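Asks: Got a structure for you, protein-v2.txt, holding compact mmCIF, N, CA and C atoms and all ligand atoms.
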```txt
# COMPACT_ATOMS: atom_id res chain seq x y z
N MET A 558 -15.96 0.88 -13.22
CA MET A 558 -15.11 1.86 -13.92
C MET A 558 -14.08 1.12 -14.79
N ALA A 559 -13.79 1.62 -15.99
CA ALA A 559 -12.85 0.95 -16.90
C ALA A 559 -11.44 0.98 -16.30
N TYR A 560 -10.77 -0.15 -16.38
CA TYR A 560 -9.44 -0.29 -15.79
C TYR A 560 -8.37 0.05 -16.83
N ASP A 561 -7.44 0.93 -16.46
CA ASP A 561 -6.34 1.32 -17.34
C ASP A 561 -5.11 0.50 -16.97
N ASP A 562 -4.72 -0.45 -17.80
CA ASP A 562 -3.62 -1.34 -17.42
C ASP A 562 -2.24 -0.68 -17.55
N GLN A 563 -2.24 0.61 -17.85
CA GLN A 563 -0.98 1.37 -17.88
C GLN A 563 -0.77 2.14 -16.58
N ASN A 564 -1.63 1.95 -15.58
CA ASN A 564 -1.44 2.68 -14.32
C ASN A 564 -0.19 2.16 -13.59
N ILE A 565 0.33 2.99 -12.70
CA ILE A 565 1.62 2.70 -12.06
C ILE A 565 1.61 1.36 -11.31
N PHE A 566 0.52 1.05 -10.63
CA PHE A 566 0.51 -0.19 -9.86
C PHE A 566 0.40 -1.42 -10.77
N ALA A 567 -0.29 -1.27 -11.91
CA ALA A 567 -0.33 -2.38 -12.88
C ALA A 567 1.09 -2.65 -13.38
N LYS A 568 1.85 -1.57 -13.59
CA LYS A 568 3.24 -1.73 -14.06
C LYS A 568 4.11 -2.38 -12.99
N ILE A 569 3.87 -2.00 -11.74
CA ILE A 569 4.62 -2.63 -10.63
C ILE A 569 4.26 -4.12 -10.57
N LEU A 570 2.97 -4.43 -10.71
CA LEU A 570 2.54 -5.84 -10.65
C LEU A 570 3.18 -6.66 -11.77
N ARG A 571 3.37 -6.05 -12.94
CA ARG A 571 3.98 -6.78 -14.07
C ARG A 571 5.50 -6.76 -14.01
N GLY A 572 6.05 -6.05 -13.01
CA GLY A 572 7.51 -5.98 -12.89
C GLY A 572 8.13 -4.97 -13.84
N GLU A 573 7.32 -4.08 -14.41
CA GLU A 573 7.85 -3.08 -15.35
C GLU A 573 8.39 -1.85 -14.62
N LEU A 574 7.96 -1.67 -13.37
CA LEU A 574 8.48 -0.60 -12.52
C LEU A 574 8.92 -1.23 -11.21
N PRO A 575 9.97 -0.66 -10.59
CA PRO A 575 10.44 -1.24 -9.32
C PRO A 575 9.53 -0.88 -8.15
N ALA A 576 9.61 -1.68 -7.09
CA ALA A 576 8.89 -1.37 -5.85
C ALA A 576 9.64 -2.05 -4.72
N ILE A 577 9.56 -1.46 -3.54
CA ILE A 577 10.16 -2.08 -2.36
C ILE A 577 9.07 -2.95 -1.74
N LYS A 578 9.15 -4.24 -2.04
CA LYS A 578 8.07 -5.16 -1.67
C LYS A 578 8.26 -5.71 -0.25
N VAL A 579 7.15 -5.91 0.45
CA VAL A 579 7.25 -6.56 1.76
C VAL A 579 6.56 -7.92 1.77
N TYR A 580 5.60 -8.11 0.86
CA TYR A 580 4.86 -9.38 0.85
C TYR A 580 4.26 -9.58 -0.54
N GLU A 581 4.27 -10.84 -1.00
CA GLU A 581 3.60 -11.13 -2.27
C GLU A 581 3.11 -12.57 -2.25
N ASP A 582 1.89 -12.78 -2.75
CA ASP A 582 1.41 -14.13 -3.03
C ASP A 582 0.70 -14.09 -4.37
N ASP A 583 -0.04 -15.13 -4.71
CA ASP A 583 -0.65 -15.16 -6.04
C ASP A 583 -1.80 -14.15 -6.21
N GLN A 584 -2.30 -13.59 -5.10
CA GLN A 584 -3.46 -12.69 -5.21
C GLN A 584 -3.21 -11.26 -4.76
N VAL A 585 -2.16 -11.05 -3.96
CA VAL A 585 -1.95 -9.75 -3.32
C VAL A 585 -0.47 -9.37 -3.31
N LEU A 586 -0.21 -8.06 -3.41
CA LEU A 586 1.15 -7.54 -3.26
C LEU A 586 1.12 -6.41 -2.22
N ALA A 587 2.12 -6.38 -1.35
CA ALA A 587 2.27 -5.27 -0.40
C ALA A 587 3.65 -4.65 -0.62
N PHE A 588 3.70 -3.33 -0.69
CA PHE A 588 4.97 -2.64 -0.95
C PHE A 588 4.94 -1.26 -0.29
N MET A 589 6.12 -0.68 -0.20
CA MET A 589 6.24 0.60 0.50
C MET A 589 5.78 1.75 -0.40
N ASP A 590 5.10 2.72 0.20
CA ASP A 590 4.70 3.93 -0.53
C ASP A 590 5.94 4.81 -0.71
N ILE A 591 6.13 5.34 -1.94
CA ILE A 591 7.34 6.16 -2.16
C ILE A 591 7.20 7.58 -1.62
N MET A 592 5.97 7.98 -1.29
CA MET A 592 5.77 9.32 -0.69
C MET A 592 5.05 9.12 0.63
N PRO A 593 5.76 8.55 1.60
CA PRO A 593 5.10 8.12 2.85
C PRO A 593 4.49 9.28 3.64
N GLN A 594 3.27 9.04 4.13
CA GLN A 594 2.61 10.04 4.98
C GLN A 594 3.02 9.88 6.43
N ALA A 595 3.79 8.82 6.71
CA ALA A 595 4.48 8.62 7.98
C ALA A 595 5.49 7.51 7.69
N ASP A 596 6.54 7.41 8.49
CA ASP A 596 7.55 6.37 8.27
C ASP A 596 6.89 5.00 8.38
N GLY A 597 7.12 4.15 7.37
CA GLY A 597 6.55 2.80 7.38
C GLY A 597 5.27 2.68 6.55
N HIS A 598 4.86 3.76 5.91
CA HIS A 598 3.62 3.76 5.08
C HIS A 598 3.71 2.64 4.04
N THR A 599 2.76 1.72 4.11
CA THR A 599 2.77 0.53 3.26
C THR A 599 1.45 0.45 2.49
N LEU A 600 1.52 -0.05 1.26
CA LEU A 600 0.33 -0.21 0.42
C LEU A 600 0.06 -1.69 0.21
N VAL A 601 -1.20 -2.06 0.25
CA VAL A 601 -1.59 -3.45 -0.01
C VAL A 601 -2.56 -3.43 -1.19
N ILE A 602 -2.22 -4.18 -2.25
CA ILE A 602 -3.08 -4.18 -3.44
C ILE A 602 -3.44 -5.60 -3.86
N PRO A 603 -4.70 -5.78 -4.26
CA PRO A 603 -5.06 -7.07 -4.87
C PRO A 603 -4.49 -7.11 -6.28
N LYS A 604 -4.19 -8.29 -6.78
CA LYS A 604 -3.70 -8.41 -8.15
C LYS A 604 -4.84 -8.30 -9.17
N THR A 605 -6.05 -8.50 -8.70
CA THR A 605 -7.23 -8.35 -9.56
C THR A 605 -7.28 -6.93 -10.11
N PRO A 606 -7.44 -6.77 -11.43
CA PRO A 606 -7.53 -5.42 -11.97
C PRO A 606 -8.86 -4.76 -11.65
N ALA A 607 -8.85 -3.85 -10.70
CA ALA A 607 -10.06 -3.12 -10.31
C ALA A 607 -9.62 -1.71 -9.93
N VAL A 608 -10.41 -0.73 -10.29
CA VAL A 608 -10.03 0.66 -10.02
C VAL A 608 -10.30 1.02 -8.56
N THR A 609 -11.50 0.72 -8.11
CA THR A 609 -11.88 1.12 -6.74
C THR A 609 -12.34 -0.10 -5.95
N LEU A 610 -12.52 0.11 -4.67
CA LEU A 610 -13.03 -0.97 -3.82
C LEU A 610 -14.41 -1.42 -4.31
N LEU A 611 -15.15 -0.50 -4.87
CA LEU A 611 -16.50 -0.81 -5.33
C LEU A 611 -16.49 -1.73 -6.55
N ASP A 612 -15.37 -1.71 -7.30
CA ASP A 612 -15.24 -2.56 -8.50
C ASP A 612 -14.67 -3.94 -8.18
N LEU A 613 -14.12 -4.09 -6.98
CA LEU A 613 -13.39 -5.31 -6.65
C LEU A 613 -14.37 -6.43 -6.29
N PRO A 614 -14.24 -7.61 -6.92
CA PRO A 614 -15.12 -8.72 -6.54
C PRO A 614 -15.00 -9.00 -5.03
N ALA A 615 -16.11 -9.39 -4.42
CA ALA A 615 -16.16 -9.54 -2.96
C ALA A 615 -15.12 -10.53 -2.44
N GLU A 616 -14.88 -11.61 -3.20
CA GLU A 616 -13.90 -12.62 -2.74
C GLU A 616 -12.50 -12.01 -2.68
N ALA A 617 -12.16 -11.21 -3.69
CA ALA A 617 -10.84 -10.58 -3.72
C ALA A 617 -10.74 -9.55 -2.59
N ALA A 618 -11.84 -8.83 -2.34
CA ALA A 618 -11.84 -7.84 -1.25
C ALA A 618 -11.64 -8.55 0.09
N ALA A 619 -12.33 -9.68 0.26
CA ALA A 619 -12.24 -10.41 1.53
C ALA A 619 -10.82 -10.93 1.75
N TYR A 620 -10.21 -11.45 0.68
CA TYR A 620 -8.84 -11.97 0.83
C TYR A 620 -7.86 -10.82 1.10
N THR A 621 -8.04 -9.73 0.36
CA THR A 621 -7.10 -8.61 0.51
C THR A 621 -7.13 -8.06 1.93
N ILE A 622 -8.32 -7.97 2.54
CA ILE A 622 -8.38 -7.40 3.88
C ILE A 622 -7.70 -8.34 4.90
N GLN A 623 -7.71 -9.64 4.60
CA GLN A 623 -6.97 -10.56 5.48
C GLN A 623 -5.47 -10.27 5.42
N ILE A 624 -5.00 -9.96 4.22
CA ILE A 624 -3.57 -9.64 4.08
C ILE A 624 -3.28 -8.25 4.68
N VAL A 625 -4.21 -7.33 4.54
CA VAL A 625 -4.05 -6.02 5.19
C VAL A 625 -3.84 -6.23 6.69
N GLN A 626 -4.65 -7.12 7.29
CA GLN A 626 -4.51 -7.39 8.72
C GLN A 626 -3.16 -8.04 9.04
N LYS A 627 -2.75 -8.97 8.17
CA LYS A 627 -1.46 -9.66 8.38
C LYS A 627 -0.29 -8.66 8.34
N ILE A 628 -0.33 -7.76 7.36
CA ILE A 628 0.75 -6.76 7.24
C ILE A 628 0.69 -5.80 8.43
N ALA A 629 -0.52 -5.41 8.83
CA ALA A 629 -0.66 -4.50 9.97
C ALA A 629 -0.06 -5.11 11.24
N LYS A 630 -0.29 -6.42 11.42
CA LYS A 630 0.28 -7.09 12.60
C LYS A 630 1.80 -7.10 12.54
N ALA A 631 2.34 -7.34 11.34
CA ALA A 631 3.80 -7.34 11.19
C ALA A 631 4.36 -5.93 11.44
N MET A 632 3.66 -4.92 10.96
CA MET A 632 4.11 -3.54 11.19
C MET A 632 4.08 -3.20 12.68
N GLU A 633 3.01 -3.63 13.35
CA GLU A 633 2.88 -3.36 14.79
C GLU A 633 4.08 -3.92 15.54
N LYS A 634 4.43 -5.17 15.17
CA LYS A 634 5.54 -5.85 15.85
C LYS A 634 6.88 -5.22 15.46
N ALA A 635 7.07 -5.02 14.17
CA ALA A 635 8.38 -4.56 13.67
C ALA A 635 8.70 -3.14 14.10
N LEU A 636 7.66 -2.30 14.15
CA LEU A 636 7.90 -0.87 14.38
C LEU A 636 7.42 -0.42 15.76
N ASN A 637 7.05 -1.39 16.60
CA ASN A 637 6.59 -1.06 17.96
C ASN A 637 5.44 -0.08 17.98
N LEU A 638 4.40 -0.37 17.22
CA LEU A 638 3.32 0.60 17.07
C LEU A 638 2.21 0.37 18.09
N GLU A 639 1.55 1.47 18.43
CA GLU A 639 0.35 1.35 19.26
C GLU A 639 -0.89 1.68 18.45
N GLY A 640 -0.69 2.21 17.23
CA GLY A 640 -1.84 2.55 16.39
C GLY A 640 -1.43 2.63 14.93
N ILE A 641 -2.35 2.25 14.05
CA ILE A 641 -2.10 2.29 12.60
C ILE A 641 -3.34 2.88 11.92
N VAL A 642 -3.11 3.82 11.01
CA VAL A 642 -4.21 4.37 10.21
C VAL A 642 -4.38 3.50 8.96
N LEU A 643 -5.61 3.05 8.69
CA LEU A 643 -5.94 2.33 7.45
C LEU A 643 -6.78 3.27 6.60
N MET A 644 -6.28 3.56 5.37
CA MET A 644 -7.03 4.46 4.48
C MET A 644 -7.28 3.78 3.15
N GLN A 645 -8.39 4.11 2.55
CA GLN A 645 -8.71 3.58 1.21
C GLN A 645 -9.52 4.65 0.49
N PHE A 646 -9.03 5.13 -0.65
CA PHE A 646 -9.75 6.15 -1.42
C PHE A 646 -10.34 5.49 -2.66
N SER A 647 -11.62 5.60 -2.85
CA SER A 647 -12.28 5.07 -4.05
C SER A 647 -12.79 6.22 -4.90
N GLY A 648 -12.06 6.49 -6.00
CA GLY A 648 -12.46 7.55 -6.91
C GLY A 648 -11.61 8.80 -6.76
N ALA A 649 -11.32 9.44 -7.90
CA ALA A 649 -10.53 10.67 -7.89
C ALA A 649 -11.20 11.73 -7.01
N ALA A 650 -12.53 11.70 -6.98
CA ALA A 650 -13.25 12.70 -6.17
C ALA A 650 -12.94 12.55 -4.69
N ALA A 651 -12.52 11.33 -4.29
CA ALA A 651 -12.18 11.09 -2.89
C ALA A 651 -10.69 11.34 -2.62
N GLY A 652 -9.92 11.59 -3.72
CA GLY A 652 -8.49 11.84 -3.56
C GLY A 652 -7.62 10.72 -4.11
N GLN A 653 -8.24 9.71 -4.73
CA GLN A 653 -7.46 8.59 -5.29
C GLN A 653 -6.63 9.10 -6.46
N THR A 654 -5.33 8.81 -6.43
CA THR A 654 -4.45 9.28 -7.51
C THR A 654 -3.96 8.15 -8.40
N VAL A 655 -3.96 6.91 -7.92
CA VAL A 655 -3.55 5.77 -8.75
C VAL A 655 -4.78 4.86 -8.94
N PRO A 656 -5.20 4.67 -10.21
CA PRO A 656 -6.47 3.96 -10.45
C PRO A 656 -6.37 2.44 -10.44
N HIS A 657 -5.76 1.91 -9.37
CA HIS A 657 -5.80 0.46 -9.07
C HIS A 657 -6.06 0.39 -7.58
N VAL A 658 -7.12 -0.30 -7.19
CA VAL A 658 -7.55 -0.30 -5.78
C VAL A 658 -6.41 -0.69 -4.83
N HIS A 659 -6.29 0.07 -3.73
CA HIS A 659 -5.23 -0.22 -2.75
C HIS A 659 -5.64 0.28 -1.38
N PHE A 660 -5.00 -0.33 -0.38
CA PHE A 660 -5.21 0.04 1.02
C PHE A 660 -3.90 0.62 1.55
N HIS A 661 -4.02 1.75 2.24
CA HIS A 661 -2.87 2.39 2.87
C HIS A 661 -2.81 1.95 4.33
N LEU A 662 -1.65 1.48 4.78
CA LEU A 662 -1.42 1.23 6.20
C LEU A 662 -0.37 2.23 6.65
N ILE A 663 -0.75 3.11 7.56
CA ILE A 663 0.14 4.23 7.92
C ILE A 663 0.33 4.29 9.43
N PRO A 664 1.59 4.09 9.87
CA PRO A 664 1.85 4.09 11.30
C PRO A 664 1.92 5.50 11.87
N THR A 665 0.78 6.06 12.18
CA THR A 665 0.76 7.39 12.79
C THR A 665 -0.61 7.62 13.40
N ASN A 666 -0.75 8.78 14.00
CA ASN A 666 -2.06 9.25 14.44
C ASN A 666 -2.66 10.03 13.28
N VAL A 667 -3.94 9.90 13.05
CA VAL A 667 -4.59 10.55 11.90
C VAL A 667 -4.36 12.06 11.88
N GLN A 668 -4.15 12.65 13.05
CA GLN A 668 -3.91 14.11 13.12
C GLN A 668 -2.51 14.48 12.66
N HIS A 669 -1.63 13.46 12.53
CA HIS A 669 -0.23 13.77 12.21
C HIS A 669 0.19 13.30 10.82
N LEU A 670 -0.77 12.93 10.00
CA LEU A 670 -0.45 12.47 8.65
C LEU A 670 0.27 13.57 7.86
N ARG A 671 1.36 13.18 7.15
CA ARG A 671 1.95 14.14 6.21
C ARG A 671 1.03 14.22 5.00
N ARG A 672 1.23 15.22 4.15
CA ARG A 672 0.33 15.42 3.00
C ARG A 672 0.35 14.22 2.08
N HIS A 673 -0.76 14.00 1.40
CA HIS A 673 -0.97 12.81 0.58
C HIS A 673 -0.24 12.91 -0.76
N ALA A 674 0.66 11.95 -1.02
CA ALA A 674 1.33 11.81 -2.32
C ALA A 674 2.01 13.10 -2.76
N VAL A 675 2.76 13.72 -1.83
CA VAL A 675 3.39 15.01 -2.15
C VAL A 675 4.92 14.90 -2.14
N GLU A 676 5.48 14.34 -1.08
CA GLU A 676 6.94 14.41 -0.93
C GLU A 676 7.58 13.03 -0.94
N LEU A 677 8.58 12.87 -1.82
CA LEU A 677 9.29 11.59 -1.89
C LEU A 677 10.00 11.31 -0.58
N GLY A 678 9.92 10.08 -0.11
CA GLY A 678 10.63 9.70 1.12
C GLY A 678 12.07 9.33 0.83
N ASP A 679 12.85 9.18 1.87
CA ASP A 679 14.25 8.76 1.77
C ASP A 679 14.24 7.25 1.47
N GLN A 680 14.71 6.89 0.26
CA GLN A 680 14.59 5.50 -0.20
C GLN A 680 15.36 4.51 0.69
N GLU A 681 16.51 4.95 1.21
CA GLU A 681 17.28 4.04 2.08
C GLU A 681 16.52 3.76 3.38
N LYS A 682 15.94 4.82 3.93
CA LYS A 682 15.16 4.67 5.16
C LYS A 682 13.94 3.76 4.90
N ILE A 683 13.31 3.96 3.74
CA ILE A 683 12.14 3.15 3.39
C ILE A 683 12.54 1.67 3.27
N LYS A 684 13.71 1.43 2.65
CA LYS A 684 14.18 0.04 2.51
C LYS A 684 14.43 -0.59 3.87
N GLU A 685 15.03 0.18 4.78
CA GLU A 685 15.29 -0.34 6.14
C GLU A 685 13.98 -0.73 6.84
N LEU A 686 12.97 0.14 6.72
CA LEU A 686 11.68 -0.15 7.35
C LEU A 686 11.04 -1.38 6.72
N ALA A 687 11.17 -1.51 5.39
CA ALA A 687 10.61 -2.67 4.69
C ALA A 687 11.25 -3.96 5.20
N GLU A 688 12.56 -3.93 5.40
CA GLU A 688 13.27 -5.12 5.90
C GLU A 688 12.73 -5.52 7.27
N LYS A 689 12.49 -4.53 8.12
CA LYS A 689 11.96 -4.82 9.47
C LYS A 689 10.58 -5.45 9.37
N ILE A 690 9.74 -4.89 8.50
CA ILE A 690 8.36 -5.42 8.36
C ILE A 690 8.42 -6.86 7.83
N LYS A 691 9.26 -7.07 6.81
CA LYS A 691 9.39 -8.42 6.22
C LYS A 691 9.83 -9.43 7.28
N ALA A 692 10.78 -9.00 8.11
CA ALA A 692 11.31 -9.91 9.13
C ALA A 692 10.24 -10.28 10.15
N ALA A 693 9.24 -9.43 10.31
CA ALA A 693 8.19 -9.69 11.32
C ALA A 693 7.01 -10.49 10.73
N LEU A 694 7.05 -10.75 9.44
CA LEU A 694 5.92 -11.47 8.80
C LEU A 694 5.98 -12.97 9.06
P1 LIG B 1 -4.08 7.10 -3.78
O1 LIG B 1 -4.01 8.59 -3.90
O2 LIG B 1 -4.39 6.52 -5.14
O3 LIG B 1 -4.95 6.60 -2.70
O4 LIG B 1 -2.65 6.61 -3.36
C1 LIG B 1 -1.63 6.35 -4.24
C2 LIG B 1 -0.37 6.20 -3.39
O5 LIG B 1 0.64 5.67 -4.22
C3 LIG B 1 0.14 7.53 -2.82
O6 LIG B 1 0.25 7.40 -1.42
C4 LIG B 1 1.49 7.72 -3.51
O7 LIG B 1 2.44 8.28 -2.64
C5 LIG B 1 1.86 6.32 -3.93
N1 LIG B 1 2.64 6.22 -5.14
C6 LIG B 1 2.49 6.96 -6.28
N2 LIG B 1 3.37 6.55 -7.21
C7 LIG B 1 4.06 5.51 -6.67
C8 LIG B 1 5.11 4.67 -7.16
O8 LIG B 1 5.58 4.77 -8.29
N3 LIG B 1 5.58 3.73 -6.30
C9 LIG B 1 5.08 3.59 -5.02
N4 LIG B 1 5.63 2.62 -4.29
N5 LIG B 1 4.11 4.36 -4.54
C10 LIG B 1 3.60 5.32 -5.34
```
How does this structure look as structure tokens?
Ligand code: 5GP
Replies:
Amino acid sequence: MAYDDQNIFAKILRGELPAIKVYEDDQVLAFMDIMPQADGHTLVIPKTPAVTLLDLPAEAAAYTIQIVQKIAKAMEKALNLEGIVLMQFSGAAAGQTVPHVHFHLIPTNVQHLRRHAVELGDQEKIKELAEKIKAAL
């Protein structure tokens, strides 16, 4: 699928839009979701420009999932979790709203997810949670 470099996550990657970051290296960025489906909802994105998981080169996918695991472990420790929901939507038909591939890490039970990309979270609370996750990395 053709990649639109004006999408929100591309702008965050270029530093044109702000984000509450928890982890960054040369290949991956992790940051807090602004409309969390549970407190601590974190997004992990490869820097490779790809719309869906299906477009992402296998090496980038393999590296990104390692970082997804690393962030999940930090979240487990920082937020005292017993379970984390990992979600990934590929394609608008599946519910994807931002056309840059990303993984959702959501500290909740799947039955208790708040609605997807609907309500802005409390930014101060989100920043506090991000600090805890960063400290556990
Ligand atoms: P998707 O629907 O593409 O799987 O998920 C996109 C996610 O990005 C949603 O959970 C939504 O809340 C989040 N989101 C949308 N716009 C922004 C933004 O500007 N900043 C951040 N940090 N998250 C966003």
Asks: May I ask which of the residues A:Ile663, A:Leu686, A:Val655, A:Val585 is the closest one to Phe566 of chain A, counting only N, CA and C atoms?
Replies: A:Val655
Asks: With only C-alpha atoms and all ligand atoms as the atoms that count, which of A:Gly597, A:Gly648, A:Pro606, A:Pro664 lies nearest to ligand LIG 1 (chain B)?
Replies: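 Ranked by minimum distance to ligand LIG 1 (chain B), first place goes to A:Gly648.
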Asks: A:Tyr620, A:Phe646, A:Tyr580, A:Phe588: which is nearest Val658 of chain A, counting all atoms listed in the file?
Replies: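 Closest residue, counting all atoms listed in the file: A:Phe646.
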Asks: Within 6 Å of ligand LIG 1 (chain B), counting only C-alpha atoms and all ligand atoms: which residues, as a ChimeraX atom specification?
Replies: /A:565,576,589-592,646,652-655,673-674
Asks: Return the single residue from A:Leu643, A:Ala635, A:Asp582, A:Glu676 that is closest to Ala692 of chain A, with distances computed using all atoms listed in the file.
Replies: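 With all atoms listed in the file as the atom set, the closest residue is A:Ala635.
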Asks: Assign secondary structure with DSSP using the backbone only, and return the residues of segment 589-663 of chain A in alpha helix (DSSP H) as a ChimeraX atom specification.
Replies: /A:615-636
Asks: Please save N, CA and C atoms of the selected residues as a PDB file, in the frame of the given file.
Replies:
```
ATOM      1  N   ALA A 615     -16.110  -9.390  -4.420  1.00  0.00           N
ATOM      2  CA  ALA A 615     -16.160  -9.540  -2.960  1.00  0.00           C
ATOM      3  C   ALA A 615     -15.120 -10.530  -2.440  1.00  0.00           C
ATOM      4  N   GLU A 616     -14.880 -11.610  -3.200  1.00  0.00           N
ATOM      5  CA  GLU A 616     -13.900 -12.620  -2.740  1.00  0.00           C
ATOM      6  C   GLU A 616     -12.500 -12.010  -2.680  1.00  0.00           C
ATOM      7  N   ALA A 617     -12.160 -11.210  -3.690  1.00  0.00           N
ATOM      8  CA  ALA A 617     -10.840 -10.580  -3.720  1.00  0.00           C
ATOM      9  C   ALA A 617     -10.740  -9.550  -2.590  1.00  0.00           C
ATOM     10  N   ALA A 618     -11.840  -8.830  -2.340  1.00  0.00           N
ATOM     11  CA  ALA A 618     -11.840  -7.840  -1.250  1.00  0.00           C
ATOM     12  C   ALA A 618     -11.640  -8.550   0.090  1.00  0.00           C
ATOM     13  N   ALA A 619     -12.330  -9.680   0.260  1.00  0.00           N
ATOM     14  CA  ALA A 619     -12.240 -10.410   1.530  1.00  0.00           C
ATOM     15  C   ALA A 619     -10.820 -10.930   1.750  1.00  0.00           C
ATOM     16  N   TYR A 620     -10.210 -11.450   0.680  1.00  0.00           N
ATOM     17  CA  TYR A 620      -8.840 -11.970   0.830  1.00  0.00           C
ATOM     18  C   TYR A 620      -7.860 -10.820   1.100  1.00  0.00           C
ATOM     19  N   THR A 621      -8.040  -9.730   0.360  1.00  0.00           N
ATOM     20  CA  THR A 621      -7.100  -8.610   0.510  1.00  0.00           C
ATOM     21  C   THR A 621      -7.130  -8.060   1.930  1.00  0.00           C
ATOM     22  N   ILE A 622      -8.320  -7.970   2.540  1.00  0.00           N
ATOM     23  CA  ILE A 622      -8.380  -7.400   3.880  1.00  0.00           C
ATOM     24  C   ILE A 622      -7.700  -8.340   4.900  1.00  0.00           C
ATOM     25  N   GLN A 623      -7.710  -9.640   4.600  1.00  0.00           N
ATOM     26  CA  GLN A 623      -6.970 -10.560   5.480  1.00  0.00           C
ATOM     27  C   GLN A 623      -5.470 -10.270   5.420  1.00  0.00           C
ATOM     28  N   ILE A 624      -5.000  -9.960   4.220  1.00  0.00           N
ATOM     29  CA  ILE A 624      -3.570  -9.640   4.080  1.00  0.00           C
ATOM     30  C   ILE A 624      -3.280  -8.250   4.680  1.00  0.00           C
ATOM     31  N   VAL A 625      -4.210  -7.330   4.540  1.00  0.00           N
ATOM     32  CA  VAL A 625      -4.050  -6.020   5.190  1.00  0.00           C
ATOM     33  C   VAL A 625      -3.840  -6.230   6.690  1.00  0.00           C
ATOM     34  N   GLN A 626      -4.650  -7.120   7.290  1.00  0.00           N
ATOM     35  CA  GLN A 626      -4.510  -7.390   8.720  1.00  0.00           C
ATOM     36  C   GLN A 626      -3.160  -8.040   9.040  1.00  0.00           C
ATOM     37  N   LYS A 627      -2.750  -8.970   8.170  1.00  0.00           N
ATOM     38  CA  LYS A 627      -1.460  -9.660   8.380  1.00  0.00           C
ATOM     39  C   LYS A 627      -0.290  -8.660   8.340  1.00  0.00           C
ATOM     40  N   ILE A 628      -0.330  -7.760   7.360  1.00  0.00           N
ATOM     41  CA  ILE A 628       0.750  -6.760   7.240  1.00  0.00           C
ATOM     42  C   ILE A 628       0.690  -5.800   8.430  1.00  0.00           C
ATOM     43  N   ALA A 629      -0.520  -5.410   8.830  1.00  0.00           N
ATOM     44  CA  ALA A 629      -0.660  -4.500   9.970  1.00  0.00           C
ATOM     45  C   ALA A 629      -0.060  -5.110  11.240  1.00  0.00           C
ATOM     46  N   LYS A 630      -0.290  -6.420  11.420  1.00  0.00           N
ATOM     47  CA  LYS A 630       0.280  -7.090  12.600  1.00  0.00           C
ATOM     48  C   LYS A 630       1.800  -7.100  12.540  1.00  0.00           C
ATOM     49  N   ALA A 631       2.340  -7.340  11.340  1.00  0.00           N
ATOM     50  CA  ALA A 631       3.800  -7.340  11.190  1.00  0.00           C
ATOM     51  C   ALA A 631       4.360  -5.930  11.440  1.00  0.00           C
ATOM     52  N   MET A 632       3.660  -4.920  10.960  1.00  0.00           N
ATOM     53  CA  MET A 632       4.110  -3.540  11.190  1.00  0.00           C
ATOM     54  C   MET A 632       4.080  -3.200  12.680  1.00  0.00           C
ATOM     55  N   GLU A 633       3.010  -3.630  13.350  1.00  0.00           N
ATOM     56  CA  GLU A 633       2.880  -3.360  14.790  1.00  0.00           C
ATOM     57  C   GLU A 633       4.080  -3.920  15.540  1.00  0.00           C
ATOM     58  N   LYS A 634       4.430  -5.170  15.170  1.00  0.00           N
ATOM     59  CA  LYS A 634       5.540  -5.850  15.850  1.00  0.00           C
ATOM     60  C   LYS A 634       6.880  -5.220  15.460  1.00  0.00           C
ATOM     61  N   ALA A 635       7.070  -5.020  14.170  1.00  0.00           N
ATOM     62  CA  ALA A 635       8.380  -4.560  13.670  1.00  0.00           C
ATOM     63  C   ALA A 635       8.700  -3.140  14.100  1.00  0.00           C
ATOM     64  N   LEU A 636       7.660  -2.300  14.150  1.00  0.00           N
ATOM     65  CA  LEU A 636       7.900  -0.870  14.380  1.00  0.00           C
ATOM     66  C   LEU A 636       7.420  -0.420  15.760  1.00  0.00           C
TER      67      LEU A 636
END
```
